[in-house]
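Containing mmCIF, C-alpha atoms: final.cif.
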data_data
loop_
_atom_site.group_PDB
_atom_site.id
_atom_site.type_symbol
_atom_site.label_atom_id
_atom_site.label_comp_id
_atom_site.auth_asym_id
_atom_site.auth_seq_id
_atom_site.Cartn_x
_atom_site.Cartn_y
_atom_site.Cartn_z
ATOM 1 C CA MET F 51 114.850 72.607 94.942
ATOM 2 C CA PRO F 52 113.360 72.297 98.455
ATOM 3 C CA LYS F 53 109.590 72.076 98.741
ATOM 4 C CA ALA F 54 107.158 72.232 101.623
ATOM 5 C CA SER F 55 103.436 71.678 101.882
ATOM 6 C CA VAL F 56 101.070 72.829 104.610
ATOM 7 C CA THR F 57 97.348 72.192 104.887
ATOM 8 C CA ARG F 58 95.146 74.145 107.276
ATOM 9 C CA GLN F 59 91.461 74.014 108.042
ATOM 10 C CA ILE F 60 90.176 77.477 108.853
ATOM 11 C CA ALA F 61 86.659 78.077 110.080
ATOM 12 C CA ARG F 62 85.789 80.826 107.610
ATOM 13 C CA GLU F 63 83.784 81.125 104.430
ATOM 14 C CA LYS F 64 86.024 80.442 101.426
ATOM 15 C CA LYS F 65 85.254 83.752 99.654
ATOM 16 C CA LYS F 66 86.062 85.790 102.770
ATOM 17 C CA LEU F 67 89.348 83.955 103.233
ATOM 18 C CA ILE F 68 90.359 84.544 99.604
ATOM 19 C CA ASP F 69 89.532 88.258 99.916
ATOM 20 C CA PHE F 70 91.608 88.364 103.113
ATOM 21 C CA VAL F 71 94.654 86.809 101.403
ATOM 22 C CA LEU F 72 94.343 89.136 98.388
ATOM 23 C CA ASP F 73 94.212 92.262 100.599
ATOM 24 C CA ILE F 74 97.997 92.571 100.490
ATOM 25 C CA GLU F 75 98.104 96.197 101.646
ATOM 26 C CA LYS F 76 96.850 95.105 105.092
ATOM 27 C CA TYR F 77 99.567 92.472 105.653
ATOM 28 C CA PRO F 78 101.665 94.718 107.968
ATOM 29 C CA GLU F 79 98.681 94.798 110.356
ATOM 30 C CA PHE F 80 98.827 91.080 111.138
ATOM 31 C CA ILE F 81 101.889 89.341 109.651
ATOM 32 C CA PRO F 82 104.866 89.247 112.029
ATOM 33 C CA PHE F 83 107.942 91.075 110.714
ATOM 34 C CA CYS F 84 106.025 92.487 107.720
ATOM 35 C CA ILE F 85 107.113 96.105 107.826
ATOM 36 C CA ASP F 86 105.439 97.394 104.672
ATOM 37 C CA SER F 87 103.453 96.350 101.623
ATOM 38 C CA LYS F 88 102.787 98.127 98.378
ATOM 39 C CA VAL F 89 100.533 97.134 95.489
ATOM 40 C CA TYR F 90 101.834 98.443 92.148
ATOM 41 C CA GLU F 91 99.232 96.907 89.870
ATOM 42 C CA LYS F 92 95.891 95.226 90.400
ATOM 43 C CA GLU F 93 93.882 94.090 87.413
ATOM 44 C CA ASP F 94 90.566 92.277 87.756
ATOM 45 C CA LYS F 95 90.141 90.270 84.571
ATOM 46 C CA GLN F 96 87.322 87.935 83.616
ATOM 47 C CA ASP F 97 89.043 84.724 84.809
ATOM 48 C CA GLU F 98 91.698 86.035 87.173
ATOM 49 C CA ILE F 99 92.926 88.847 89.352
ATOM 50 C CA VAL F 100 96.558 89.843 88.729
ATOM 51 C CA ILE F 101 98.499 91.774 91.378
ATOM 52 C CA VAL F 102 102.108 92.979 91.402
ATOM 53 C CA ALA F 103 103.171 93.875 94.924
ATOM 54 C CA ASP F 104 106.089 94.337 97.296
ATOM 55 C CA LEU F 105 106.375 92.997 100.820
ATOM 56 C CA THR F 106 109.091 94.369 103.055
ATOM 57 C CA ILE F 107 109.991 91.768 105.653
ATOM 58 C CA GLY F 108 112.469 91.742 108.502
ATOM 59 C CA ARG F 109 113.718 93.378 111.598
ATOM 60 C CA LYS F 110 116.407 96.036 111.458
ATOM 61 C CA PRO F 111 119.148 95.683 110.381
ATOM 62 C CA PHE F 112 117.940 92.634 108.413
ATOM 63 C CA VAL F 113 115.238 93.986 106.101
ATOM 64 C CA ASP F 114 114.490 92.857 102.543
ATOM 65 C CA THR F 115 111.803 93.637 99.989
ATOM 66 C CA TYR F 116 110.258 90.914 97.852
ATOM 67 C CA LYS F 117 108.372 91.768 94.664
ATOM 68 C CA SER F 118 105.758 89.212 93.646
ATOM 69 C CA ASP F 119 103.393 88.424 90.824
ATOM 70 C CA VAL F 120 100.154 87.228 92.443
ATOM 71 C CA ARG F 121 97.496 85.523 90.312
ATOM 72 C CA TYR F 122 94.099 84.507 91.630
ATOM 73 C CA ASP F 123 92.379 81.956 89.380
ATOM 74 C CA LYS F 124 88.659 82.621 89.899
ATOM 75 C CA LYS F 125 87.528 79.365 88.335
ATOM 76 C CA ASN F 126 89.738 77.125 90.485
ATOM 77 C CA ASP F 127 89.850 79.285 93.633
ATOM 78 C CA SER F 128 93.627 79.151 93.669
ATOM 79 C CA ILE F 129 96.377 81.717 94.091
ATOM 80 C CA HIS F 130 99.813 81.343 92.519
ATOM 81 C CA VAL F 131 102.582 83.642 93.747
ATOM 82 C CA THR F 132 105.910 83.988 91.933
ATOM 83 C CA ASN F 133 108.913 85.976 93.125
ATOM 84 C CA ILE F 134 109.931 88.569 90.515
ATOM 85 C CA GLY F 135 112.445 90.538 92.571
ATOM 86 C CA GLY F 136 114.263 90.528 95.853
ATOM 87 C CA PRO F 137 117.025 88.642 97.625
ATOM 88 C CA LEU F 138 115.905 85.129 96.602
ATOM 89 C CA LYS F 139 116.479 83.652 93.148
ATOM 90 C CA HIS F 140 113.351 81.539 93.255
ATOM 91 C CA LEU F 141 110.295 81.571 95.483
ATOM 92 C CA GLU F 142 106.838 80.279 94.567
ATOM 93 C CA ASN F 143 103.787 79.412 96.568
ATOM 94 C CA ASN F 144 100.393 78.061 95.680
ATOM 95 C CA TRP F 145 97.184 78.410 97.617
ATOM 96 C CA LYS F 146 94.137 76.218 96.972
ATOM 97 C CA PHE F 147 90.895 77.067 98.745
ATOM 98 C CA ILE F 148 88.303 74.359 99.295
ATOM 99 C CA GLN F 149 85.036 74.931 101.126
ATOM 100 C CA LYS F 150 84.272 71.993 103.395
ATOM 101 C CA LYS F 151 80.643 71.036 103.799
ATOM 102 C CA LYS F 152 79.210 71.812 107.185
ATOM 103 C CA LEU F 153 77.750 68.949 109.098
ATOM 104 C CA TYR F 154 74.480 69.657 110.838
ATOM 105 C CA ARG F 155 73.036 67.446 113.508
ATOM 106 C CA SER F 156 69.443 67.330 114.419
ATOM 107 C CA SER F 157 67.584 65.555 117.122
ATOM 108 C CA ILE F 158 63.952 64.660 117.516
ATOM 109 C CA ARG F 159 62.354 64.599 120.950
ATOM 110 C CA CYS F 160 59.118 62.840 121.619
#
Please go through the file and, once you have read it, give me the structure as structure tokens.
Amino acid sequence: MPKASVTRQIAREKKKLIDFVLDIEKYPEFIPFCIDSKVYEKEDKQDEIVIVADLTIGRKPFVDTYKSDVRYDKKNDSIHVTNIGGPLKHLENNWKFIQKKKLYRSSIRC
């Protein structure tokens, strides 16, 4: 099965970035070719947030809807997404969020 890996450094606070990714209903506002999104279930448990959602992607006449199981692991700051319906047999993606330490420089003038 083909795999791909992408790493990005984004100048945002980790918590805000995670909240942004989990706000699936707003995806059509900023993701190209995302026509619609719908959250069916969202359950905030002690250790994880579980979301079942659809994304409708495409450009007419080529439009498909993908249903996904999205799980945010609060302890590890990771999101695992599994395809549970749509045109593809298998689609998974994993997100890992790591806050980089900020480097501060100081100078002393005499």
Extract, using only C-alpha atoms, all DNA, RNA and protein residues at most 12 Å from Asp69 (chain F), discarding same-chain residues fewer than 2 positions from it, and format them as a PyMOL selection string.
chain F and resi 62-67+71-76+99+122+124+127-129+147
Close residues, Val102 (chain F) itself excluded, 9 Å, only C-alpha atoms, min 6 positions apart in chain, as JSON, numbers by chain:
{"F": [88, 89, 90, 91, 92, 117, 118, 119, 120, 121]}
Which residues are near Val113 (chain F)? Cut-off 12 Å, only C-alpha atoms, ignore same chain within fewer than 2 positions. Put them as a list in words.
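Contacts, in chain order: Phe83, Cys84, Ile85, Asp86, Leu105, Thr106, Ile107, Gly108, Arg109, Lys110, Pro111, Thr115, Tyr116, Gly136 and Pro137 of chain F.
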For the atom pair CA of Ser87 (chain F) and CA of Thr132 (chain F), what is the interatomic distance in Å to one decimal place?
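Atom-to-atom, CA of Ser87 (chain F) and CA of Thr132 (chain F) are spaced 15.9 Å apart.
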Using the chain letters and numbering of this document, enumerate as a ChimeraX atom specification the residues selected by the PyMOL selection byres ((chain F and resi 96) around 10).
/F:93-95,97-99,123-125
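Put simply, CA of Lys53 (chain F) is 11.6 Å away from CA of His140 (chain F).
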Could you tell me which of F:Met51, F:Ala61, F:Leu138, F:Val100 comes closest to Lys150 (chain F) if we count only C-alpha atoms?
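Under the stated criterion, the closest residue is F:Ala61.
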Mind pulling up the distance from CA of Thr57 (chain F) to CA of Leu141 (chain F)?
18.5 Å
